[in-house]
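Dropping input34.txt in here (compact mmCIF, C-alpha atoms and all ligand atoms):
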```
# COMPACT_ATOMS: atom_id res chain seq x y z
CA MET A 32 100.97 77.81 93.48
CA LYS A 33 102.40 78.96 90.15
CA PHE A 34 102.51 82.74 89.71
CA ALA A 35 101.82 83.29 93.41
CA SER A 36 104.40 81.39 95.45
CA GLU A 37 107.39 82.88 93.61
CA PHE A 38 106.10 86.31 94.61
CA ARG A 39 105.94 85.19 98.26
CA ASP A 40 109.44 83.74 98.35
CA PRO A 41 111.01 84.57 101.77
CA ALA A 42 114.57 84.74 100.38
CA ALA A 43 113.52 87.21 97.68
CA ALA A 44 111.60 89.24 100.27
CA ARG A 45 114.63 89.34 102.60
CA ALA A 46 116.88 90.51 99.74
CA LEU A 47 114.43 93.28 98.86
CA LEU A 48 114.11 94.34 102.50
CA ALA A 49 117.90 94.59 102.73
CA ALA A 50 118.05 96.66 99.52
CA ILE A 51 115.29 98.94 100.86
CA ALA A 52 117.18 99.39 104.15
CA THR A 53 120.38 100.33 102.30
CA LYS A 54 118.55 102.80 100.08
CA ALA A 55 116.57 104.28 103.00
CA ASP A 56 119.83 104.86 104.93
CA GLU A 57 121.39 106.48 101.87
CA ILE A 58 118.44 108.86 101.61
CA GLY A 59 118.59 109.56 105.33
CA ALA A 60 115.15 108.16 106.24
CA THR A 61 114.68 107.68 109.97
CA ARG A 62 111.79 106.98 112.32
CA GLN A 63 111.83 110.67 113.28
CA LYS A 64 112.02 111.85 109.67
CA PRO A 65 110.37 109.10 107.64
CA ILE A 66 109.74 108.80 103.93
CA HIS A 67 105.94 108.82 103.46
CA ILE A 68 104.76 106.47 100.74
CA MET A 69 101.03 106.30 100.11
CA GLU A 70 99.58 103.04 98.87
CA ILE A 71 96.49 104.33 97.13
CA CYS A 72 94.65 101.03 96.87
CA GLY A 73 92.95 99.34 99.81
CA GLY A 74 93.99 95.96 98.39
CA HIS A 75 97.60 97.01 98.88
CA THR A 76 96.86 98.12 102.46
CA HIS A 77 95.54 94.65 103.22
CA SER A 78 98.57 92.98 101.60
CA ILE A 79 100.95 95.16 103.64
CA PHE A 80 99.31 94.09 106.90
CA ARG A 81 98.58 90.52 105.88
CA TYR A 82 102.28 89.92 105.24
CA GLY A 83 103.53 92.15 108.06
CA LEU A 84 105.48 94.39 105.69
CA ASP A 85 104.88 97.43 107.90
CA LYS A 86 106.87 95.71 110.65
CA LEU A 87 109.56 94.17 108.45
CA ILE A 88 110.43 97.27 106.49
CA HIS A 89 113.08 99.85 107.46
CA GLU A 90 111.85 102.09 110.27
CA GLY A 91 112.30 105.17 108.12
CA ILE A 92 109.59 104.09 105.68
CA GLU A 93 106.02 104.89 106.63
CA PHE A 94 103.10 103.58 104.61
CA ILE A 95 100.22 106.05 104.41
CA HIS A 96 96.92 104.40 103.57
CA GLY A 97 95.12 106.11 100.72
CA PRO A 98 91.48 106.48 99.70
CA GLY A 99 91.44 103.59 97.22
CA CYS A 100 88.49 101.71 98.65
CA PRO A 101 85.31 102.59 96.76
CA VAL A 102 82.99 101.41 99.50
CA CYS A 103 84.86 103.50 102.10
CA VAL A 104 84.57 106.75 100.15
CA LEU A 105 80.89 106.38 99.31
CA PRO A 106 79.09 109.37 100.86
CA MET A 107 76.34 108.69 103.33
CA ALA A 108 73.73 110.46 101.21
CA ARG A 109 74.27 107.88 98.46
CA VAL A 110 73.76 104.99 100.90
CA ASP A 111 70.52 106.69 101.96
CA GLU A 112 69.47 106.91 98.31
CA CYS A 113 70.22 103.21 97.79
CA VAL A 114 67.91 102.41 100.69
CA GLU A 115 65.27 104.75 99.27
CA ILE A 116 65.31 102.93 95.90
CA ALA A 117 65.48 99.48 97.49
CA GLU A 118 62.43 100.14 99.66
CA ARG A 119 60.20 101.06 96.71
CA PRO A 120 57.51 98.51 95.90
CA GLY A 121 58.40 96.11 93.10
CA VAL A 122 62.14 96.78 93.22
CA ILE A 123 64.81 94.09 93.45
CA PHE A 124 67.95 95.95 94.53
CA THR A 125 71.21 94.14 93.81
CA THR A 126 74.63 94.94 95.23
CA PHE A 127 78.09 93.54 95.91
CA GLY A 128 78.29 92.14 99.45
CA ASP A 129 80.78 94.79 100.66
CA ALA A 130 78.17 97.53 100.43
CA MET A 131 75.50 95.73 102.45
CA ARG A 132 76.67 96.83 105.90
CA VAL A 133 77.91 100.32 105.11
CA PRO A 134 76.05 102.64 107.45
CA GLY A 135 73.83 105.29 105.91
CA HIS A 136 72.43 108.20 107.84
CA LYS A 137 69.29 106.27 108.71
CA LYS A 138 70.16 102.65 108.02
CA SER A 139 72.33 100.27 106.04
CA LEU A 140 71.13 98.09 103.16
CA ILE A 141 71.29 95.01 105.36
CA ARG A 142 69.00 96.69 107.89
CA ALA A 143 66.60 97.65 105.08
CA LYS A 144 66.68 94.02 103.92
CA SER A 145 65.87 92.80 107.44
CA GLU A 146 62.88 95.17 107.38
CA GLY A 147 61.53 93.63 104.19
CA ALA A 148 63.21 95.31 101.21
CA ASP A 149 64.13 92.87 98.45
CA ILE A 150 67.90 93.38 98.43
CA ARG A 151 70.08 90.66 96.94
CA MET A 152 73.83 90.19 96.93
CA VAL A 153 75.35 89.51 93.52
CA TYR A 154 78.86 88.79 92.29
CA SER A 155 78.57 90.61 88.98
CA PRO A 156 76.21 93.01 87.19
CA LEU A 157 75.50 90.10 84.87
CA ASP A 158 73.80 88.35 87.82
CA ALA A 159 71.53 91.39 88.10
CA LEU A 160 70.87 91.25 84.37
CA GLU A 161 69.83 87.61 84.68
CA LEU A 162 67.48 88.52 87.55
CA ALA A 163 65.89 91.15 85.28
CA ARG A 164 65.35 88.57 82.53
CA ARG A 165 63.66 86.22 85.00
CA ASN A 166 61.55 88.87 86.74
CA ARG A 167 60.03 90.94 83.96
CA ASP A 168 57.32 92.26 86.29
CA ARG A 169 59.91 93.70 88.72
CA GLU A 170 62.39 96.58 88.47
CA VAL A 171 65.90 95.22 88.96
CA VAL A 172 68.46 97.83 90.03
CA PHE A 173 72.20 97.19 90.17
CA PHE A 174 74.26 99.29 92.57
CA GLY A 175 77.15 100.29 90.28
CA LEU A 176 80.02 101.01 92.64
CA GLY A 177 83.77 101.08 92.28
CA PHE A 178 86.78 102.48 90.49
CA GLU A 179 87.88 101.86 86.93
CA THR A 180 88.30 98.17 87.83
CA THR A 181 84.57 97.48 88.01
CA THR A 182 83.34 100.31 85.78
CA PRO A 183 83.75 98.31 82.52
CA SER A 184 81.66 95.33 83.69
CA THR A 185 78.79 97.65 84.60
CA ALA A 186 79.13 99.35 81.20
CA LEU A 187 79.08 96.01 79.39
CA SER A 188 75.94 94.94 81.26
CA ILE A 189 74.19 98.20 80.25
CA GLN A 190 75.21 97.65 76.63
CA GLN A 191 73.91 94.07 76.84
CA ALA A 192 70.60 95.21 78.37
CA ALA A 193 70.23 97.72 75.52
CA ARG A 194 70.89 95.03 72.92
CA GLU A 195 68.24 92.79 74.51
CA GLY A 196 65.76 95.63 74.93
CA LEU A 197 65.35 94.92 78.65
CA THR A 198 63.11 97.58 80.12
CA ASN A 199 63.24 96.54 83.79
CA PHE A 200 67.00 96.82 84.38
CA SER A 201 68.83 99.91 85.59
CA VAL A 202 72.06 100.92 87.31
CA PHE A 203 72.44 103.29 90.25
CA CYS A 204 75.77 104.66 89.10
CA ASN A 205 78.38 105.54 91.71
CA HIS A 206 81.48 104.74 89.72
CA ILE A 207 84.46 106.92 90.52
CA THR A 208 87.96 107.46 89.18
CA VAL A 209 91.39 107.28 90.83
CA PRO A 210 93.58 110.06 89.37
CA GLU A 211 91.36 112.96 90.52
CA PRO A 212 91.46 112.21 94.29
CA ILE A 213 95.25 111.80 94.06
CA LYS A 214 95.37 115.31 92.65
CA ALA A 215 93.12 116.50 95.49
CA LEU A 216 95.47 114.92 98.04
CA LEU A 217 98.50 116.49 96.40
CA ASP A 218 96.80 119.89 96.48
CA ASP A 219 96.17 119.56 100.22
CA PRO A 220 98.74 121.79 101.93
CA ASP A 221 98.76 119.54 105.01
CA MET A 222 99.73 116.48 103.01
CA THR A 223 103.39 115.50 103.04
CA LEU A 224 103.80 112.58 100.68
CA ASP A 225 107.09 111.57 99.10
CA GLY A 226 105.79 109.01 96.63
CA PHE A 227 103.01 106.63 95.68
CA ILE A 228 102.41 102.96 95.17
CA GLY A 229 99.86 102.99 92.36
CA PRO A 230 96.84 100.69 92.12
CA GLY A 231 97.32 97.49 90.13
CA HIS A 232 93.78 96.56 89.15
CA VAL A 233 92.68 100.06 88.17
CA SER A 234 95.82 100.48 86.08
CA MET A 235 95.09 97.22 84.28
CA VAL A 236 92.13 99.10 82.78
CA ILE A 237 93.47 102.64 82.37
CA GLY A 238 97.21 101.98 81.90
CA ILE A 239 99.90 104.10 83.52
CA HIS A 240 99.67 107.40 81.65
CA PRO A 241 96.67 108.91 83.49
CA TYR A 242 99.15 109.35 86.39
CA ASP A 243 101.69 111.32 84.34
CA PHE A 244 100.64 114.60 85.97
CA ILE A 245 101.86 113.34 89.36
CA ALA A 246 105.47 113.16 88.16
CA ARG A 247 105.25 116.07 85.73
CA ASP A 248 103.37 118.65 87.83
CA TYR A 249 104.06 117.55 91.41
CA ARG A 250 107.51 115.92 91.03
CA LYS A 251 106.44 112.78 92.94
CA PRO A 252 107.29 109.22 91.92
CA LEU A 253 104.55 106.64 91.43
CA VAL A 254 105.10 102.93 90.86
CA VAL A 255 102.14 100.78 89.81
CA ALA A 256 102.37 97.62 91.91
CA GLY A 257 101.12 94.06 92.16
CA PHE A 258 99.60 92.63 95.32
CA GLU A 259 102.06 89.99 96.49
CA PRO A 260 104.64 90.84 99.17
CA THR A 261 107.64 90.96 96.81
CA ASP A 262 105.59 93.13 94.41
CA LEU A 263 105.06 95.68 97.16
CA LEU A 264 108.66 95.53 98.37
CA GLN A 265 110.06 95.89 94.87
CA SER A 266 107.71 98.82 94.21
CA THR A 267 108.78 100.51 97.44
CA LEU A 268 112.40 100.08 96.42
CA MET A 269 111.64 101.56 92.99
CA VAL A 270 110.07 104.62 94.67
CA LEU A 271 113.13 104.99 96.93
CA VAL A 272 115.53 104.69 94.01
CA GLN A 273 113.71 107.54 92.26
CA ILE A 274 113.81 109.67 95.41
CA GLY A 275 117.52 108.89 95.83
CA GLU A 276 118.25 109.92 92.25
CA GLY A 277 116.11 113.04 92.50
CA ARG A 278 113.81 111.72 89.78
CA ALA A 279 110.02 111.62 89.53
CA ALA A 280 108.56 109.17 87.02
CA ILE A 281 105.60 106.84 86.57
CA GLU A 282 106.91 103.28 86.56
CA ASN A 283 105.21 99.93 86.18
CA GLN A 284 106.30 97.12 88.51
CA TYR A 285 103.15 95.11 87.63
CA ALA A 286 103.92 94.82 83.92
CA ARG A 287 102.88 91.15 83.93
CA VAL A 288 99.29 92.36 84.31
CA VAL A 289 99.19 96.11 83.55
CA PRO A 290 99.55 97.18 79.90
CA GLU A 291 101.10 100.60 79.43
CA HIS A 292 98.03 101.92 77.62
CA GLY A 293 95.38 99.92 79.51
CA ASN A 294 92.71 97.63 78.13
CA PRO A 295 91.22 99.01 74.90
CA VAL A 296 87.99 96.97 75.10
CA SER A 297 87.27 98.20 78.63
CA LEU A 298 88.19 101.77 77.78
CA ALA A 299 85.88 101.72 74.75
CA ALA A 300 82.97 100.43 76.87
CA ILE A 301 83.61 103.13 79.49
CA ALA A 302 83.72 105.87 76.85
CA ASP A 303 80.51 104.62 75.23
CA VAL A 304 78.40 104.37 78.39
CA TYR A 305 79.59 107.07 80.80
CA GLU A 306 80.40 110.74 80.95
CA ARG A 307 82.03 112.73 83.75
CA ARG A 308 79.94 114.38 86.43
CA PRO A 309 81.09 117.96 87.10
CA SER A 310 82.00 116.81 90.61
CA PHE A 311 81.30 113.97 93.02
CA GLU A 312 81.32 113.79 96.78
CA TRP A 313 83.83 111.51 98.49
CA ARG A 314 83.33 110.56 102.10
CA GLY A 315 86.12 112.22 104.06
CA LEU A 316 87.42 114.18 101.09
CA GLY A 317 84.42 116.28 100.06
CA GLU A 318 83.53 117.25 96.51
CA ILE A 319 86.22 116.45 93.94
CA ASP A 320 85.95 117.84 90.41
CA ALA A 321 85.31 115.34 87.59
CA SER A 322 85.89 112.36 89.89
CA GLY A 323 82.59 110.57 89.27
CA LEU A 324 80.87 109.03 86.25
CA ARG A 325 77.24 109.13 85.22
CA ILE A 326 75.40 107.24 82.53
CA ARG A 327 75.16 108.98 79.16
CA ARG A 328 71.76 110.18 77.95
CA LYS A 329 71.65 107.60 75.18
CA TYR A 330 71.52 104.91 77.90
CA GLY A 331 69.14 106.96 80.07
CA ALA A 332 66.58 104.12 80.10
CA PHE A 333 69.09 102.14 82.21
CA ASP A 334 69.92 104.98 84.59
CA ALA A 335 68.27 104.44 88.00
CA GLU A 336 68.77 108.14 88.81
CA GLU A 337 66.46 109.02 85.90
CA LYS A 338 64.08 106.11 86.40
CA PHE A 339 63.52 106.83 90.10
CA GLY A 340 63.95 110.61 89.97
CA ILE A 341 67.05 110.64 92.17
CA GLY A 342 69.35 113.13 90.49
CA TYR A 343 72.79 113.54 91.96
CA ALA A 344 72.28 117.29 92.22
CA ALA A 345 69.21 116.64 94.35
CA SER A 346 71.11 114.45 96.78
CA SER A 347 70.76 115.66 100.29
CA ARG A 348 74.27 116.98 100.79
CA ASN A 349 75.68 117.94 104.11
CA VAL A 350 74.54 114.69 105.66
CA PRO A 351 76.78 114.82 108.73
CA GLU A 352 79.22 112.03 109.48
CA ILE A 353 78.52 110.05 112.60
CA GLU A 354 79.93 111.86 115.62
CA GLY A 355 83.34 110.64 116.69
CA CYS A 356 84.15 109.00 113.34
CA ALA A 357 87.63 109.79 112.10
CA CYS A 358 87.06 108.13 108.73
CA GLY A 359 88.04 111.23 106.75
CA ALA A 360 91.33 111.69 108.61
CA VAL A 361 92.17 107.98 108.23
CA MET A 362 91.31 108.02 104.53
CA THR A 363 93.59 110.95 103.84
CA GLY A 364 96.44 109.38 105.77
CA LYS A 365 96.37 112.01 108.52
CA MET A 366 95.50 109.51 111.21
CA LYS A 367 96.11 105.79 111.71
CA PRO A 368 92.99 103.66 112.29
CA THR A 369 94.03 102.87 115.83
CA GLN A 370 94.13 106.61 116.61
CA CYS A 371 90.40 106.91 115.90
CA PRO A 372 88.61 107.20 119.27
CA GLN A 373 85.96 104.77 118.04
CA PHE A 374 88.36 102.02 116.89
CA GLY A 375 87.48 98.78 118.66
CA ILE A 376 85.15 100.63 121.05
CA GLY A 377 82.17 102.01 119.16
CA CYS A 378 83.36 100.59 115.84
CA THR A 379 84.14 96.95 115.10
CA PRO A 380 83.51 94.78 112.02
CA GLU A 381 80.44 93.38 113.78
CA MET A 382 79.06 96.85 114.61
CA PRO A 383 80.74 99.26 112.16
CA LEU A 384 80.37 103.00 112.42
CA GLY A 385 82.36 103.72 109.29
CA ALA A 386 82.82 101.99 105.97
CA LEU A 387 86.56 101.55 106.52
CA MET A 388 85.73 98.91 109.11
CA VAL A 389 83.28 97.11 106.79
CA SER A 390 84.96 96.84 103.45
CA SER A 391 87.40 94.08 102.61
CA GLU A 392 89.65 96.91 101.39
CA GLY A 393 89.16 99.28 104.32
CA ALA A 394 92.21 100.37 106.32
CA CYS A 395 90.45 99.91 109.67
CA ALA A 396 89.43 96.37 108.74
CA ALA A 397 93.07 95.65 107.78
CA TYR A 398 94.34 96.88 111.15
CA TRP A 399 91.64 94.90 112.93
CA GLN A 400 92.28 91.70 111.02
CA TYR A 401 96.03 91.60 110.66
CA ALA A 402 97.85 94.14 112.76
CA GLY A 403 97.07 92.74 116.17
CA ALA A 404 94.74 95.65 116.80
CA ARG A 405 91.80 93.40 117.48
CA ALA A 406 93.60 91.66 120.31
CA ALA A 407 94.75 95.00 121.72
CA ALA A 408 91.22 96.44 121.56
CA GLU A 409 89.69 93.37 123.16
S1 LIG A 501 87.45 102.95 113.45
FE1 LIG A 501 85.41 103.15 112.50
S2 LIG A 501 84.81 105.27 112.87
FE2 LIG A 501 87.04 105.14 113.21
S3 LIG A 501 87.95 105.66 111.24
FE3 LIG A 501 87.75 103.44 111.26
S4 LIG A 501 85.76 103.03 110.31
FE4 LIG A 501 85.80 105.23 110.83
```
Would you mind writing the file out in structure tokens?
Ligand code: SF4
Amino acid sequence: MKFASEFRDPAAARALLAAIATKADEIGATRQKPIHIMEICGGHTHSIFRYGLDKLIHEGIEFIHGPGCPVCVLPMARVDECVEIAERPGVIFTTFGDAMRVPGHKKSLIRAKSEGADIRMVYSPLDALELARRNRDREVVFFGLGFETTTPSTALSIQQAAREGLTNFSVFCNHITVPEPIKALLDDPDMTLDGFIGPGHVSMVIGIHPYDFIARDYRKPLVVAGFEPTDLLQSTLMVLVQIGEGRAAIENQYARVVPEHGNPVSLAAIADVYERRPSFEWRGLGEIDASGLRIRRKYGAFDAEEKFGIGYAASSRNVPEIEGCACGAVMTGKMKPTQCPQFGIGCTPEMPLGALMVSSEGACAAYWQYAGARAAAE
């Protein structure tokens, strides 16, 4: 397959693994004193395990799995609010499939659907827009969820609804941003990270400069990476080279997809439709300043928070996590999924306790699916 198979070439992967081993030895990385590299994006976590890179790579390199899975970091109170909107009479609640089984405090969306709520899975906010056109007597709500990757498509659908004068379409906005949680992780005194593999899809939208503070203020290298095995190996090597040279810079391994300054059309749509919330709650990380987006007043007619009277400030905070869940520790890289007492016992993809086991980008799902953990648990 053109543009995929060359990035999965075993000979190229072996050469990169050898170069990584040489560089890791030069730096003095060992199993006892490893170099910690956080892959921020859950898509990268899945690639690492899918291709067995964690086992193939030098023993002195440890991948720490970051919080880059938007479904995983969604706070329970917001899932509860989704259910509350979805169960109102006349509402058609639309969502990406990943979010359907994420447990809320009382129930998940799929449970609410089984109890009669009209909840439909869509592949794009444009599907929700089409439902609104065809069901003028119903309120169609789209669950806007995700990082900068999906934020523009939600913005474009709101702009389109405004152009058409649709009055029965709104978005329950839970879009979040990547740079702010990285800052929160770097400010955590318990965190010992040596470098980052930066998210490819998010960076396609925002470019590489929003990460400049990581190199400038924290002296940590970050390399924006693609998702194929040689992308990840080359990016790891680039991080190690920086560490070896005592440098900290933001570099772009995924230049075939990621423009230095991002995508201007997407950035313009984001700027037009959203503004920053003062803070937003992340499951496992708590409140992080300016890490969430809300819909601007001029598009207030398409804001489900306004339409249904569910302001973020009124969210029932302090909804406790389910007892025994170690989602927060896993999401901040302090614990491996298999160290969670619930892994494979109280929490499986069929009966998830935490979102990390549900989402296609969740670290626990990656361990379950690819790392032999399922067999061990069973
Ligand atoms: S195994 Fe389940 S409860 Fe434990 S961290 Fe993963 S998702 Fe959370």
Query - Distance query A:Tyr401 at most 9 Å, only C-alpha atoms, self and fewer than 5 positions along chain excluded, as a ChimeraX atom specification - result: /A:77,80-83,396
Please report as a Markdown table every residue of chain A lying within 10 Å of ligand LIG 501 (chain A), along with the nearest atom pair and their distance in Å (one decimal), using all atoms listed in the file.
```
| residue | atom | partner | partner_atom | distance |
| --- | --- | --- | --- | --- |
| A:Cys103 | CA | A:LIG501 | S4 | 8.3 |
| A:Val133 | CA | A:LIG501 | S4 | 9.8 |
| A:Gly315 | CA | A:LIG501 | FE4 | 9.7 |
| A:Glu352 | CA | A:LIG501 | S2 | 9.4 |
| A:Ile353 | CA | A:LIG501 | S2 | 7.9 |
| A:Glu354 | CA | A:LIG501 | S2 | 8.6 |
| A:Gly355 | CA | A:LIG501 | S2 | 6.8 |
| A:Cys356 | CA | A:LIG501 | S2 | 3.8 |
| A:Ala357 | CA | A:LIG501 | S3 | 4.2 |
| A:Cys358 | CA | A:LIG501 | S3 | 3.6 |
| A:Gly359 | CA | A:LIG501 | S3 | 7.2 |
| A:Ala360 | CA | A:LIG501 | S3 | 7.4 |
| A:Val361 | CA | A:LIG501 | S3 | 5.7 |
| A:Met362 | CA | A:LIG501 | S3 | 7.9 |
| A:Met366 | CA | A:LIG501 | S3 | 8.5 |
| A:Lys367 | CA | A:LIG501 | S3 | 8.2 |
| A:Pro368 | CA | A:LIG501 | FE3 | 5.3 |
| A:Thr369 | CA | A:LIG501 | S1 | 7.0 |
| A:Gln370 | CA | A:LIG501 | FE2 | 8.0 |
| A:Cys371 | CA | A:LIG501 | FE2 | 4.7 |
| A:Pro372 | CA | A:LIG501 | FE2 | 6.6 |
| A:Gln373 | CA | A:LIG501 | FE2 | 5.0 |
| A:Phe374 | CA | A:LIG501 | S1 | 3.7 |
| A:Gly375 | CA | A:LIG501 | S1 | 6.7 |
| A:Ile376 | CA | A:LIG501 | S1 | 8.3 |
| A:Gly377 | CA | A:LIG501 | FE1 | 7.5 |
| A:Cys378 | CA | A:LIG501 | FE1 | 4.7 |
| A:Thr379 | CA | A:LIG501 | FE1 | 6.8 |
| A:Pro380 | CA | A:LIG501 | FE1 | 8.6 |
| A:Met382 | CA | A:LIG501 | FE1 | 9.2 |
| A:Pro383 | CA | A:LIG501 | FE1 | 6.1 |
| A:Leu384 | CA | A:LIG501 | S2 | 5.0 |
| A:Gly385 | CA | A:LIG501 | S4 | 3.6 |
| A:Ala386 | CA | A:LIG501 | S4 | 5.3 |
| A:Leu387 | CA | A:LIG501 | S4 | 4.1 |
| A:Met388 | CA | A:LIG501 | S4 | 4.3 |
| A:Val389 | CA | A:LIG501 | S4 | 7.3 |
| A:Ser390 | CA | A:LIG501 | S4 | 9.3 |
| A:Gly393 | CA | A:LIG501 | S4 | 7.8 |
| A:Ala394 | CA | A:LIG501 | FE3 | 7.3 |
| A:Cys395 | CA | A:LIG501 | FE3 | 4.7 |
| A:Ala396 | CA | A:LIG501 | FE3 | 7.7 |
| A:Tyr398 | CA | A:LIG501 | FE3 | 9.3 |
| A:Trp399 | CA | A:LIG501 | S1 | 9.1 |
```
Query raised in the report: Could you list as a count of residues only every residue that has an atom within 9 Å of (114.7, 97.6, 102.7), using the file's coordinates and counting only C-alpha atoms?
Result: 18
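Atom pair atom CA of A:Glu392 / atom CA of A:Lys33 has a distance of 24.7 Å (rounded to one decimal).
The gap separating atom CA of A:Pro210 from atom CA of A:Trp313 is 13.4 Å, in Å to one decimal.
We find atom CA of A:Phe258 and atom CA of A:Ile237 to be spaced 17.5 Å apart.
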Query raised in the report: Leaving out A:Leu216 and any residue of its chain fewer than 4 positions from it, which residues lie within 12 Å of it when counting only C-alpha atoms, given as an NGL selection string?
Result: :A and (69 or 71 or 95-98 or 209-212 or 220-224 or 226-227 or 245 or 249 or 315-317 or 319 or 360 or 362-365)
Please produce a file of those selected residues containing C-alpha atoms, as an mmCIF file, in the coordinates of the input.
```cif
data_model
loop_
_atom_site.group_PDB
_atom_site.id
_atom_site.type_symbol
_atom_site.label_atom_id
_atom_site.label_comp_id
_atom_site.auth_asym_id
_atom_site.auth_seq_id
_atom_site.Cartn_x
_atom_site.Cartn_y
_atom_site.Cartn_z
ATOM 1 C CA MET A 69 101.030 106.300 100.110
ATOM 2 C CA ILE A 71 96.490 104.330 97.130
ATOM 3 C CA ILE A 95 100.220 106.050 104.410
ATOM 4 C CA HIS A 96 96.920 104.400 103.570
ATOM 5 C CA GLY A 97 95.120 106.110 100.720
ATOM 6 C CA PRO A 98 91.480 106.480 99.700
ATOM 7 C CA VAL A 209 91.390 107.280 90.830
ATOM 8 C CA PRO A 210 93.580 110.060 89.370
ATOM 9 C CA GLU A 211 91.360 112.960 90.520
ATOM 10 C CA PRO A 212 91.460 112.210 94.290
ATOM 11 C CA PRO A 220 98.740 121.790 101.930
ATOM 12 C CA ASP A 221 98.760 119.540 105.010
ATOM 13 C CA MET A 222 99.730 116.480 103.010
ATOM 14 C CA THR A 223 103.390 115.500 103.040
ATOM 15 C CA LEU A 224 103.800 112.580 100.680
ATOM 16 C CA GLY A 226 105.790 109.010 96.630
ATOM 17 C CA PHE A 227 103.010 106.630 95.680
ATOM 18 C CA ILE A 245 101.860 113.340 89.360
ATOM 19 C CA TYR A 249 104.060 117.550 91.410
ATOM 20 C CA GLY A 315 86.120 112.220 104.060
ATOM 21 C CA LEU A 316 87.420 114.180 101.090
ATOM 22 C CA GLY A 317 84.420 116.280 100.060
ATOM 23 C CA ILE A 319 86.220 116.450 93.940
ATOM 24 C CA ALA A 360 91.330 111.690 108.610
ATOM 25 C CA MET A 362 91.310 108.020 104.530
ATOM 26 C CA THR A 363 93.590 110.950 103.840
ATOM 27 C CA GLY A 364 96.440 109.380 105.770
ATOM 28 C CA LYS A 365 96.370 112.010 108.520
#
```
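Using all atoms listed in the file, the protein and nucleic acid residues lying no more than 7 Å from A:Gly175, apart from those fewer than 2 places from it along its own chain, are Phe173, Gly177, Thr185, Val202, Phe203, Cys204, Asn205 and His206 of chain A.
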Report task. Would you mind telling me which residue in A:Thr126, A:Gln400, A:Ser145, A:Gln273 lies nearest to A:Asp225 when using only C-alpha atoms? Result -> A:Gln273
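Closest approach to A:Pro295 from the set A:Ile213, A:Met235, A:Ala159, A:Ala60 is made by A:Met235, with distances taken over all atoms listed in the file.
Those residues that approach A:Lys138 to within 12 Å, counting all atoms listed in the file, are Met107, Ala108, Arg109, Val110, Asp111, Glu112, Cys113, Val114, Glu115, Ala117, Glu118, Met131, Arg132, Lys144, Ser145, Glu146, Pro383 and Leu384 of chain A; same-chain residues fewer than 6 positions away are not listed.
Proximity of A:Ile189, A:Val254, A:Val102, A:Ile239 to A:Val304, computed with only C-alpha atoms, is greatest for A:Ile189.
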Each residue of stretch 192-285 of chain A lying at most 9 Å from stretch 331-339 of chain A should get a row with its shortest atom-to-atom pair and the distance in Å to one decimal, counting all atoms listed in the file; could you produce that, ordered by chain and increasing number, as a tab-separated table?
```
residue	atom	partner	partner_atom	distance
A:Ala192	CA	A:Phe333	CA	8.1
A:Ala193	CA	A:Phe333	CA	8.1
A:Leu197	CA	A:Phe333	CA	8.9
A:Thr198	CA	A:Ala332	CA	7.4
A:Asn199	CA	A:Phe333	CA	8.3
A:Phe200	CA	A:Phe333	CA	6.1
A:Ser201	CA	A:Phe333	CA	4.1
A:Val202	CA	A:Ala335	CA	5.2
A:Phe203	CA	A:Ala335	CA	4.9
A:Cys204	CA	A:Asp334	CA	7.4
```
Requested in this report: Find the residues around stretch 150-155 of chain A up to 12 Å (all atoms listed in the file counted), leave out those fewer than 6 positions away in its own chain, and share them as a PyMOL selection string.
Outcome: chain A and resi 113-132+139-144+161-162+170-176+181-188
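You can rank A:His75, A:Leu160, A:Cys100, A:Gly91 by their closest distance to A:Arg314 using all atoms listed in the file, and at the top of that list sits A:Cys100.
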Query raised in the report: For A:Glu276, which residue out of A:Asn294, A:Glu306, A:Ala148, A:Glu57 is the nearest one, using all atoms listed in the file?
Result: A:Glu57
Report task. Go ahead and find all residues with at least one atom no further than 7 Å from (88.2, 107.3, 86.8) in the file's coordinates, using all atoms listed in the file; report them as a list of chain:residue names. Result -> A:Phe178, A:Glu179, A:Ile207, A:Thr208, A:Val209, A:Pro210, A:Ser322, A:Gly323
Centre and size of axis-aligned box enclosing stretch 111-119 of chain A plus 6 Å each side, as AutoDock Vina command-line options:
```
--center_x 65.4 --center_y 103.2 --center_z 98.9 --size_x 22.3 --size_y 19.4 --size_z 18.1
```
Kindly output stretch 151-156 of chain A as a tab-separated table (two decimals), in the frame of the given file, after building N, CA and C atoms.
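Listing of part-v8.tsv after writing:
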```tsv
chain	number	residue	atom	x	y	z
A	151	ARG	N	69.37	91.93	97.19
A	151	ARG	CA	70.08	90.66	96.94
A	151	ARG	C	71.55	90.93	96.64
A	152	MET	N	72.40	90.07	97.18
A	152	MET	CA	73.83	90.19	96.93
A	152	MET	C	74.17	89.48	95.63
A	153	VAL	N	74.94	90.13	94.79
A	153	VAL	CA	75.35	89.51	93.52
A	153	VAL	C	76.88	89.60	93.40
A	154	TYR	N	77.42	88.78	92.50
A	154	TYR	CA	78.86	88.79	92.29
A	154	TYR	C	79.26	89.57	91.05
A	155	SER	N	78.28	89.92	90.24
A	155	SER	CA	78.57	90.61	88.98
A	155	SER	C	77.29	91.30	88.52
A	156	PRO	N	77.43	92.40	87.75
A	156	PRO	CA	76.21	93.01	87.19
A	156	PRO	C	75.48	92.06	86.26
```
